[in-house]
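Quick look at final34.txt (compact mmCIF, C-alpha atoms and all ligand atoms):
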# COMPACT_ATOMS: atom_id res chain seq x y z
CA MET A 299 122.21 102.04 62.62
CA SER A 300 125.01 101.73 60.09
CA ASP A 301 127.78 102.49 62.62
CA HIS A 302 126.52 99.82 64.97
CA SER A 303 125.97 97.36 62.16
CA ASP A 304 129.49 98.01 60.89
CA GLN A 305 130.83 97.37 64.38
CA LEU A 306 129.01 94.02 64.44
CA GLU A 307 130.36 93.13 60.97
CA ALA A 308 133.87 94.09 62.00
CA LEU A 309 133.62 92.09 65.23
CA VAL A 310 132.45 88.96 63.39
CA ALA A 311 135.20 89.31 60.76
CA ASP A 312 137.83 89.77 63.48
CA VAL A 313 136.67 86.70 65.42
CA ARG A 314 136.58 84.57 62.25
CA ALA A 315 140.09 85.61 61.23
CA ARG A 316 141.61 85.04 64.68
CA ALA A 317 139.73 81.81 65.37
CA ALA A 318 141.07 80.37 62.12
CA GLU A 319 144.62 80.87 63.40
CA LEU A 320 144.21 79.38 66.87
CA ARG A 321 145.96 76.10 67.67
CA ASP A 322 144.62 75.04 71.06
CA VAL A 323 141.44 74.93 73.11
CA ASP A 324 142.65 77.36 75.81
CA ALA A 325 143.20 80.10 73.24
CA ILE A 326 139.71 79.52 71.80
CA ASP A 327 138.17 79.76 75.28
CA ALA A 328 140.08 82.99 75.89
CA LEU A 329 138.77 84.45 72.64
CA LYS A 330 135.23 83.44 73.60
CA THR A 331 135.53 85.21 76.94
CA GLU A 332 136.97 88.28 75.24
CA VAL A 333 134.11 88.56 72.74
CA LEU A 334 131.07 86.98 74.38
CA GLY A 335 131.85 87.54 78.09
CA ARG A 336 128.81 88.87 79.96
CA LYS A 337 130.86 91.57 81.63
CA GLY A 338 133.27 93.48 79.44
CA GLY A 339 132.77 91.29 76.40
CA ARG A 340 133.20 93.10 73.09
CA LEU A 341 129.75 92.05 71.85
CA SER A 342 128.02 93.35 74.97
CA HIS A 343 130.02 96.56 74.53
CA VAL A 344 128.52 96.99 71.04
CA MET A 345 125.11 96.08 72.40
CA ALA A 346 125.41 98.79 75.01
CA GLY A 347 124.98 101.26 72.16
CA LEU A 348 121.47 99.92 71.60
CA ALA A 349 120.03 102.63 73.81
CA LYS A 350 121.11 105.32 71.33
CA ILE A 351 119.51 103.63 68.33
CA PRO A 352 116.27 105.07 67.02
CA LYS A 353 113.26 103.07 68.16
CA ASP A 354 112.19 101.94 64.66
CA GLU A 355 115.63 100.48 64.00
CA LYS A 356 115.97 98.59 67.27
CA ALA A 357 114.25 95.40 66.04
CA GLU A 358 116.50 95.24 62.99
CA PHE A 359 119.59 95.88 65.09
CA GLY A 360 118.55 93.21 67.59
CA ARG A 361 118.20 90.69 64.76
CA ARG A 362 121.64 91.66 63.40
CA ALA A 363 123.15 91.30 66.86
CA ASN A 364 121.67 87.80 67.29
CA ASP A 365 123.06 86.81 63.86
CA ALA A 366 126.46 88.16 64.84
CA LYS A 367 126.46 86.19 68.11
CA ARG A 368 125.49 83.00 66.26
CA GLU A 369 128.20 83.58 63.61
CA ILE A 370 130.81 84.15 66.32
CA GLU A 371 129.79 80.95 68.11
CA GLU A 372 129.93 79.03 64.84
CA ALA A 373 133.42 80.35 64.12
CA LEU A 374 134.54 79.30 67.60
CA ASP A 375 132.96 75.83 67.14
CA ARG A 376 134.71 75.36 63.81
CA ALA A 377 137.98 76.27 65.48
CA ARG A 378 137.34 73.73 68.26
CA GLN A 379 136.60 70.98 65.77
CA ARG A 380 139.66 71.84 63.73
CA VAL A 381 141.91 71.80 66.81
CA ALA A 382 140.42 68.47 67.99
CA GLY A 383 140.86 66.98 64.52
CA ALA A 384 144.43 68.21 64.29
CA SER A 385 145.37 66.68 67.63
CA LEU A 386 143.81 63.37 66.54
CA ASP A 387 145.72 63.50 63.26
CA GLU A 388 148.88 64.23 65.16
CA ALA A 389 148.29 61.35 67.56
CA LEU A 390 147.64 59.01 64.66
CA SER A 391 150.69 60.18 62.78
CA HIS A 392 152.93 59.53 65.79
CA ARG A 393 151.47 56.33 67.21
CA TYR A 394 149.16 54.65 64.77
CA ASP A 395 150.64 54.93 61.30
CA VAL A 396 149.02 51.83 59.84
CA THR A 397 151.16 52.12 56.72
CA PHE A 398 154.42 51.86 58.70
CA PRO A 399 156.26 48.55 58.07
CA ALA A 400 155.69 46.15 60.98
CA ILE A 401 158.55 44.92 63.12
CA PRO A 402 158.55 41.15 62.61
CA PRO A 403 158.15 39.20 65.84
CA HIS A 404 161.30 37.39 66.95
CA THR A 405 160.64 33.70 66.51
CA GLY A 406 162.95 30.79 67.17
CA GLY A 407 164.06 28.32 64.54
CA LEU A 408 165.49 24.86 64.31
CA HIS A 409 169.19 24.53 65.08
CA LEU A 410 171.40 23.72 62.10
CA LEU A 411 172.22 20.32 63.62
CA ARG A 412 168.52 19.55 63.88
CA HIS A 413 168.05 20.48 60.19
CA THR A 414 170.92 18.16 59.28
CA LEU A 415 169.58 15.35 61.44
CA ASP A 416 166.16 15.76 59.81
CA ALA A 417 167.76 15.31 56.38
CA VAL A 418 169.39 12.03 57.50
CA VAL A 419 166.28 10.83 59.32
CA ASP A 420 164.09 11.58 56.25
CA PHE A 421 166.36 9.41 54.14
CA PHE A 422 166.27 6.40 56.47
CA ARG A 423 162.64 6.70 57.49
CA SER A 424 161.57 6.64 53.84
CA ARG A 425 163.43 3.31 53.61
CA GLY A 426 161.59 1.75 56.52
CA PHE A 427 164.06 2.40 59.36
CA ALA A 428 162.75 3.05 62.87
CA ILE A 429 164.21 5.99 64.82
CA LEU A 430 165.40 5.22 68.36
CA THR A 431 166.92 7.26 71.15
CA GLY A 432 168.63 5.89 74.25
CA PRO A 433 170.46 6.85 77.44
CA GLU A 434 173.47 9.17 77.37
CA VAL A 435 174.62 7.74 80.71
CA GLU A 436 175.57 4.16 79.90
CA ASP A 437 177.07 1.15 81.67
CA GLU A 438 180.17 -0.73 80.57
CA TYR A 439 178.07 -3.74 79.63
CA HIS A 440 176.23 -1.91 76.83
CA ALA A 441 179.02 0.52 75.94
CA PHE A 442 181.86 -2.01 75.67
CA GLU A 443 181.35 -5.62 76.76
CA THR A 444 178.53 -6.54 74.40
CA LEU A 445 180.30 -4.66 71.60
CA ASN A 446 183.17 -7.13 71.71
CA ILE A 447 185.41 -4.85 73.77
CA PRO A 448 186.35 -6.85 76.93
CA ALA A 449 187.45 -5.16 80.17
CA ASP A 450 191.20 -5.41 79.57
CA HIS A 451 191.05 -4.39 75.93
CA PRO A 452 193.09 -1.30 74.98
CA ALA A 453 190.24 -0.05 72.77
CA ARG A 454 188.54 1.11 75.98
CA ASP A 455 191.43 3.48 76.66
CA ASN A 456 191.40 4.76 73.09
CA MET A 457 187.83 5.97 73.54
CA ASP A 458 188.85 8.61 76.13
CA THR A 459 185.66 7.91 78.03
CA PHE A 460 184.22 10.05 80.83
CA TYR A 461 183.64 7.72 83.79
CA LEU A 462 181.20 8.85 86.45
CA PRO A 463 182.22 8.84 90.14
CA ARG A 464 179.44 6.47 91.24
CA GLY A 465 179.76 4.05 88.33
CA GLY A 466 178.53 4.29 84.78
CA LEU A 467 179.90 6.47 82.05
CA LEU A 468 178.94 9.04 79.44
CA ARG A 469 178.63 7.06 76.24
CA PRO A 470 181.64 7.64 73.94
CA HIS A 471 179.67 6.41 70.89
CA THR A 472 176.08 5.62 69.91
CA SER A 473 176.93 1.94 69.28
CA PRO A 474 175.37 0.79 72.60
CA MET A 475 172.07 1.49 70.82
CA GLN A 476 172.82 -1.46 68.50
CA ILE A 477 172.74 -3.77 71.51
CA ARG A 478 169.74 -2.09 73.14
CA ALA A 479 167.77 -2.28 69.87
CA MET A 480 168.59 -5.94 69.24
CA LEU A 481 167.90 -6.93 72.86
CA ALA A 482 164.47 -5.31 72.58
CA HIS A 483 163.49 -6.61 69.12
CA PRO A 484 163.99 -9.99 67.43
CA PRO A 485 165.45 -9.91 63.88
CA PRO A 486 165.02 -8.55 61.28
CA ILE A 487 165.73 -5.00 62.44
CA ALA A 488 166.45 -1.66 60.74
CA VAL A 489 167.02 1.28 63.09
CA LEU A 490 168.62 4.70 63.22
CA ALA A 491 169.75 5.98 66.62
CA PRO A 492 170.94 9.61 66.71
CA GLY A 493 172.26 11.24 69.86
CA LYS A 494 174.99 12.99 71.84
CA VAL A 495 178.29 11.28 72.62
CA PHE A 496 181.07 12.39 74.98
CA ARG A 497 184.86 12.06 74.91
CA ARG A 498 187.72 13.55 76.87
CA ASP A 499 188.90 15.60 73.89
CA ALA A 500 190.38 19.08 74.15
CA LEU A 501 188.14 21.67 72.49
CA ASP A 502 189.40 23.00 69.17
CA ALA A 503 188.05 23.78 65.68
CA SER A 504 187.50 20.11 64.82
CA HIS A 505 187.14 18.45 68.25
CA SER A 506 184.61 18.78 71.03
CA PHE A 507 184.06 16.86 74.29
CA MET A 508 180.44 16.51 73.17
CA PHE A 509 179.31 15.85 69.63
CA HIS A 510 176.62 13.91 67.77
CA GLN A 511 176.57 10.53 66.11
CA ILE A 512 173.92 8.73 64.12
CA GLU A 513 174.05 4.99 64.61
CA GLY A 514 172.60 2.90 61.79
CA LEU A 515 171.89 -0.83 62.06
CA HIS A 516 170.32 -3.19 59.56
CA VAL A 517 170.18 -6.93 60.38
CA ASP A 518 168.32 -9.54 58.37
CA ARG A 519 168.94 -12.79 56.52
CA GLY A 520 171.29 -12.29 53.61
CA ILE A 521 172.48 -8.73 54.38
CA THR A 522 175.86 -8.15 52.69
CA PHE A 523 178.51 -5.46 52.44
CA GLY A 524 176.79 -4.52 49.16
CA HIS A 525 173.76 -3.30 51.14
CA LEU A 526 176.05 -1.11 53.24
CA LYS A 527 177.66 0.37 50.12
CA GLY A 528 174.26 0.98 48.56
CA PHE A 529 172.87 2.81 51.59
CA ALA A 530 176.06 4.83 52.05
CA THR A 531 176.15 5.90 48.41
CA ASP A 532 172.47 6.86 48.33
CA LEU A 533 172.71 8.78 51.61
CA CYS A 534 175.73 10.77 50.41
CA ARG A 535 173.86 11.70 47.23
CA HIS A 536 170.83 12.68 49.32
CA LEU A 537 172.95 14.91 51.56
CA PHE A 538 175.51 16.32 49.13
CA GLY A 539 174.01 16.03 45.64
CA ALA A 540 173.51 13.43 42.91
CA ALA A 541 177.05 13.67 41.57
CA ARG A 542 178.69 12.44 44.80
CA ARG A 543 180.78 9.27 44.83
CA THR A 544 181.67 7.17 47.85
CA ARG A 545 184.67 5.03 48.65
CA PHE A 546 185.41 2.54 51.40
CA ARG A 547 188.79 2.35 53.10
CA PRO A 548 189.67 -0.76 55.13
CA SER A 549 189.63 0.01 58.85
CA TYR A 550 189.34 -1.73 62.19
CA PHE A 551 186.64 -1.58 64.87
CA GLN A 552 186.03 -4.15 67.58
CA PHE A 553 182.34 -4.47 66.83
CA THR A 554 182.42 -4.85 63.01
CA GLU A 555 184.18 -7.32 60.72
CA PRO A 556 185.12 -6.37 58.08
CA SER A 557 185.29 -2.66 58.94
CA ALA A 558 185.56 0.36 56.66
CA GLU A 559 185.77 4.12 56.79
CA VAL A 560 183.22 5.73 54.45
CA ASP A 561 184.45 8.68 52.40
CA VAL A 562 182.41 10.89 50.06
CA SER A 563 183.91 12.78 47.12
CA CYS A 564 184.47 16.44 48.01
CA HIS A 565 181.54 18.60 46.89
CA ALA A 566 183.65 21.73 47.04
CA CYS A 567 186.16 20.61 44.38
CA ASP A 568 184.42 17.53 42.94
CA GLY A 569 187.37 15.35 43.89
CA ALA A 570 190.12 17.52 42.41
CA GLY A 571 191.52 18.49 45.80
CA CYS A 572 190.97 21.72 47.75
CA ARG A 573 191.16 23.25 51.22
CA THR A 574 187.92 21.64 52.37
CA CYS A 575 189.22 18.13 51.67
CA LYS A 576 192.84 19.03 52.50
CA GLY A 577 193.85 18.21 48.92
CA SER A 578 192.69 14.57 48.97
CA GLY A 579 189.43 15.05 47.05
CA TRP A 580 187.62 12.97 49.72
CA LEU A 581 185.81 13.72 52.99
CA GLU A 582 185.36 11.29 55.89
CA MET A 583 181.76 10.45 56.80
CA GLY A 584 182.23 7.89 59.56
CA GLY A 585 183.05 4.30 60.47
CA SER A 586 181.10 1.30 59.26
CA GLY A 587 181.22 -2.43 58.74
CA MET A 588 179.44 -5.75 59.03
CA VAL A 589 178.17 -6.40 62.56
CA HIS A 590 180.67 -8.69 64.37
CA PRO A 591 179.26 -12.21 65.09
CA ASN A 592 180.12 -11.70 68.78
CA VAL A 593 177.88 -8.61 68.88
CA LEU A 594 174.99 -10.47 67.27
CA ARG A 595 175.52 -13.30 69.74
CA ALA A 596 175.59 -10.90 72.73
CA ALA A 597 172.19 -9.59 71.64
CA GLY A 598 170.74 -13.08 71.28
CA TYR A 599 170.79 -13.12 67.47
CA ASP A 600 172.06 -16.22 65.64
CA PRO A 601 175.10 -15.13 63.56
CA GLU A 602 174.76 -18.25 61.42
CA ALA A 603 171.30 -17.15 60.27
CA PHE A 604 171.53 -13.34 60.38
CA THR A 605 174.01 -10.77 59.15
CA GLY A 606 173.89 -7.00 59.21
CA TRP A 607 175.71 -3.75 58.63
CA ALA A 608 176.21 -0.89 61.08
CA TRP A 609 177.74 2.55 61.03
CA GLY A 610 178.29 5.60 63.17
CA LEU A 611 178.03 8.83 61.22
CA GLY A 612 179.29 12.12 62.57
CA LEU A 613 176.31 14.50 62.48
CA ASP A 614 178.34 17.63 63.30
CA ARG A 615 180.79 16.73 60.55
CA ILE A 616 178.00 16.27 57.98
CA ALA A 617 176.56 19.69 58.93
CA MET A 618 180.02 21.29 58.66
CA LEU A 619 180.57 19.76 55.22
CA ARG A 620 177.12 20.66 53.90
CA HIS A 621 177.36 24.28 55.01
CA ARG A 622 181.14 24.82 54.75
CA ILE A 623 181.53 25.53 58.45
CA ASP A 624 185.12 25.18 59.58
CA ASP A 625 184.74 25.29 63.38
CA ILE A 626 182.65 22.78 65.34
CA ARG A 627 182.51 25.17 68.33
CA THR A 628 180.13 27.49 66.45
CA PHE A 629 177.38 24.87 66.87
CA PHE A 630 177.45 25.18 70.65
CA GLU A 631 178.23 28.84 71.31
CA ASN A 632 174.61 29.99 70.80
CA ASP A 633 175.63 32.97 68.68
CA LEU A 634 172.26 34.04 67.22
CA GLY A 635 173.95 35.85 64.35
CA PHE A 636 175.42 32.52 63.27
CA LEU A 637 172.40 30.37 64.02
CA GLU A 638 169.88 32.66 62.30
CA GLN A 639 171.65 32.15 58.96
CA PHE A 640 170.37 28.59 59.03
CA GLY A 641 167.02 29.11 60.82
ZN ZN B 1 187.83 19.32 47.95
Take the structure I supplied and represent it as structure tokens, if you would.
Amino acid sequence: MSDHSDQLEALVADVRARAAELRDVDAIDALKTEVLGRKGGRLSHVMAGLAKIPKDEKAEFGRRANDAKREIEEALDRARQRVAGASLDEALSHRYDVTFPAIPPHTGGLHLLRHTLDAVVDFFRSRGFAILTGPEVEDEYHAFETLNIPADHPARDNMDTFYLPRGGLLRPHTSPMQIRAMLAHPPPIAVLAPGKVFRRDALDASHSFMFHQIEGLHVDRGITFGHLKGFATDLCRHLFGAARRTRFRPSYFQFTEPSAEVDVSCHACDGAGCRTCKGSGWLEMGGSGMVHPNVLRAAGYDPEAFTGWAWGLGLDRIAMLRHRIDDIRTFFENDLGFLEQFG
């Protein structure tokens, strides 16, 4: 009895020890076949000794053998569960680590020029201006004639305009929107018209054949140059900070009289002179002036009753000044590394 019982104990202990070390299901199945196989299995080998056991001990031995079989099966089951759990853990650790930092999705953002335009539009919209857009392909009537630039006038050559083969042209300024706005609406009128303009300029750090202007127009009874100065000063403070000063330099444009270039004090050096302002302490914002009586007349407004101011701001230039960008080409090269700094 004791020999056979010891063999059963030893077999169970052996299976438990080996099953605890196994790492995959195939090895567990192999161990099961080795121990519990109907032919040649180690348990059946021990059981074969049953015939030699005294009759009164057979029942006890049979019970011990059944226990041993159950204990072996339990050890094999535990091994199976452990292996299954380990492979799940491994899968989770490789593919589903919920604590791993997520990769942020790649989303687009507004272009720097759009951000800058929004800042200008916010300023004017809060003061009651309407925002207009108009055609980039213009005719000479809106682009020149109604703006007091007759056909033989040299100012047309100075614009370096792109003329299209079948007539028409790419607008060299946003000023045609003054005429289109006034033709569509009786006075008073206060509009902002941003958009692309085109000139036959060679591409370099400060010139592009396509850039952006923001036309402003304000016509009513009693509008004076003082209104223009007030708007220009407030806008520059809105864009560049409360400490900014503006100055007006006499200039000449066909469609305004008097005309002035608007400068803002350099925010980089506060007017002392630096590289950004090329030592002058001032930065150019754009051309402006009081709307020429001929322009009002061309739009059907009475210049005896109504006056107004107008200007064309350079949007690209404002963005360059606000963000200290020294090359206009970077706006149009679609370099994400550059653009994402301002997204
Ligand atoms: Zn400066």
Contacts to ligand ZN 1 (chain B) at 9 Å cut-off (all atoms listed in the file) as number ranges by chain:
A: 563-581
Selection near Asp322 of chain A, 9 Å with only C-alpha atoms, sequence-local residues under 4 positions removed, as a ChimeraX atom specification:
/A:326,377-378,381-382
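Minimum atom-to-atom distances from A:His621, A:His413, A:His302, A:Lys367 to Leu348 of chain A were compared using only C-alpha atoms, and the lowest value belongs to A:His302.
With all atoms listed in the file as the basis for measurement, A:Leu309 is the residue among A:Ala541, A:Ala315, A:Ala488, A:Leu309 that approaches Leu341 of chain A most closely.
Atom pair atom CA of Phe496 of chain A / atom CA of Phe460 of chain A: separated by 7.0 Å.
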Kindly indicate which residue among A:Ala597, A:Ala479, A:Leu374, A:Ala349 lies nearest to Asp327 of chain A, using all atoms listed in the file for the distances.
A:Leu374
With only C-alpha atoms as the counted atoms, please give the residues lying no more than 10 Å from Thr431 of chain A, apart from itself and same-chain residues fewer than 2 positions off, as a PyMOL selection string.
chain A and resi 429+433-434+472+475+478-479+490-494+513
Would you mind putting back N, CA and C atoms on segment 572-603 of chain A, then writing it out as a short mmCIF file (atom, residue, chain, number, x, y, z; two decimals), in the coordinates of the input?
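The new file rebuild06.cif reads:
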data_model
loop_
_atom_site.label_atom_id
_atom_site.label_comp_id
_atom_site.auth_asym_id
_atom_site.auth_seq_id
_atom_site.Cartn_x
_atom_site.Cartn_y
_atom_site.Cartn_z
N CYS A 572 191.10 20.30 47.39
CA CYS A 572 190.97 21.72 47.75
C CYS A 572 191.20 21.85 49.25
N ARG A 573 190.95 23.03 49.79
CA ARG A 573 191.16 23.25 51.22
C ARG A 573 190.20 22.43 52.06
N THR A 574 188.93 22.36 51.61
CA THR A 574 187.92 21.64 52.37
C THR A 574 188.32 20.19 52.61
N CYS A 575 188.85 19.55 51.57
CA CYS A 575 189.22 18.13 51.67
C CYS A 575 190.71 17.96 51.93
N LYS A 576 191.39 19.04 52.25
CA LYS A 576 192.84 19.03 52.50
C LYS A 576 193.60 18.39 51.33
N GLY A 577 193.13 18.64 50.11
CA GLY A 577 193.85 18.21 48.92
C GLY A 577 193.59 16.79 48.48
N SER A 578 192.86 15.99 49.30
CA SER A 578 192.69 14.57 48.97
C SER A 578 191.55 14.32 47.99
N GLY A 579 190.60 15.27 47.90
CA GLY A 579 189.43 15.05 47.05
C GLY A 579 188.35 14.24 47.75
N TRP A 580 188.58 13.80 49.00
CA TRP A 580 187.62 12.97 49.72
C TRP A 580 187.37 13.51 51.12
N LEU A 581 186.16 13.29 51.63
CA LEU A 581 185.81 13.72 52.99
C LEU A 581 185.33 12.51 53.79
N GLU A 582 185.75 12.43 55.06
CA GLU A 582 185.36 11.29 55.89
C GLU A 582 183.95 11.47 56.42
N MET A 583 183.15 10.41 56.32
CA MET A 583 181.76 10.45 56.80
C MET A 583 181.58 9.70 58.11
N GLY A 584 182.37 8.65 58.32
CA GLY A 584 182.23 7.89 59.56
C GLY A 584 182.68 6.44 59.38
N GLY A 585 182.63 5.70 60.49
CA GLY A 585 183.05 4.30 60.47
C GLY A 585 181.87 3.39 60.20
N SER A 586 182.17 2.22 59.59
CA SER A 586 181.10 1.30 59.26
C SER A 586 181.65 -0.12 59.16
N GLY A 587 180.77 -1.05 58.93
CA GLY A 587 181.22 -2.43 58.74
C GLY A 587 180.08 -3.41 58.93
N MET A 588 180.42 -4.70 58.80
CA MET A 588 179.44 -5.75 59.03
C MET A 588 179.45 -6.09 60.53
N VAL A 589 178.28 -6.18 61.11
CA VAL A 589 178.17 -6.40 62.56
C VAL A 589 178.94 -7.68 62.94
N HIS A 590 179.83 -7.56 63.93
CA HIS A 590 180.67 -8.69 64.37
C HIS A 590 179.77 -9.81 64.92
N PRO A 591 180.07 -11.09 64.58
CA PRO A 591 179.26 -12.21 65.09
C PRO A 591 179.14 -12.19 66.61
N ASN A 592 180.20 -11.76 67.31
CA ASN A 592 180.12 -11.70 68.78
C ASN A 592 179.07 -10.70 69.26
N VAL A 593 178.88 -9.62 68.51
CA VAL A 593 177.88 -8.61 68.88
C VAL A 593 176.48 -9.17 68.66
N LEU A 594 176.30 -9.83 67.53
CA LEU A 594 174.99 -10.47 67.27
C LEU A 594 174.68 -11.48 68.37
N ARG A 595 175.70 -12.25 68.72
CA ARG A 595 175.52 -13.30 69.74
C ARG A 595 175.16 -12.66 71.09
N ALA A 596 175.84 -11.57 71.45
CA ALA A 596 175.59 -10.90 72.73
C ALA A 596 174.15 -10.39 72.81
N ALA A 597 173.55 -10.09 71.65
CA ALA A 597 172.19 -9.59 71.64
C ALA A 597 171.17 -10.70 71.47
N GLY A 598 171.65 -11.96 71.41
CA GLY A 598 170.74 -13.08 71.28
C GLY A 598 170.34 -13.40 69.86
N TYR A 599 171.04 -12.79 68.88
CA TYR A 599 170.79 -13.12 67.47
C TYR A 599 171.71 -14.26 67.07
N ASP A 600 171.25 -15.10 66.12
CA ASP A 600 172.06 -16.22 65.64
C ASP A 600 172.91 -15.75 64.46
N PRO A 601 174.24 -15.63 64.65
CA PRO A 601 175.10 -15.13 63.56
C PRO A 601 175.21 -16.09 62.38
N GLU A 602 174.77 -17.32 62.57
CA GLU A 602 174.76 -18.25 61.42
C GLU A 602 173.58 -17.95 60.50
N ALA A 603 172.51 -17.41 61.07
CA ALA A 603 171.30 -17.15 60.27
C ALA A 603 171.20 -15.70 59.83
#
